Amino acid sequence: MSKLRIVQDQADESTFQEWREEDYMNKMDFSPLVMFVVIPTIVQAACLLFMGGAMLLNTFIFV
């Protein structure tokens with residue numbers, strides 16, 4: 001895990017480049033499509049299926 005460090009003075013070019021290489025979201029070493037579209041879609045679909053399964057189970061038990 002990276003630590004949050006508050007810097008009061010102005011950053012020079014090397015500090016800026018170092019930050020660009022260390023920051024995970026800024027470095028873009030991942031696929032944004034997978035992280036922000038595919039994974040949430042799978043989670044939503046699984047929640048929808050579990051909700052439907054719970055509703056179906058309730059109809060078998062209580063009706």
# chains A, B, ... in the order shown; residues from 1 in each chain; ligands from 1
$ select_by_dssp --residues "chain A" --states "helix (DSSP H, G or I)" --output "PyMOL selection string"
chain A and resi 13-22+24-27+32-62
$ residues_around --residues "stretch 18-35 of chain A" --least-positions-apart "4" --cutoff "12 Å" --atoms "only C-alpha atoms" --output "number ranges by chain"
A: 1-5, 11-14, 39-43
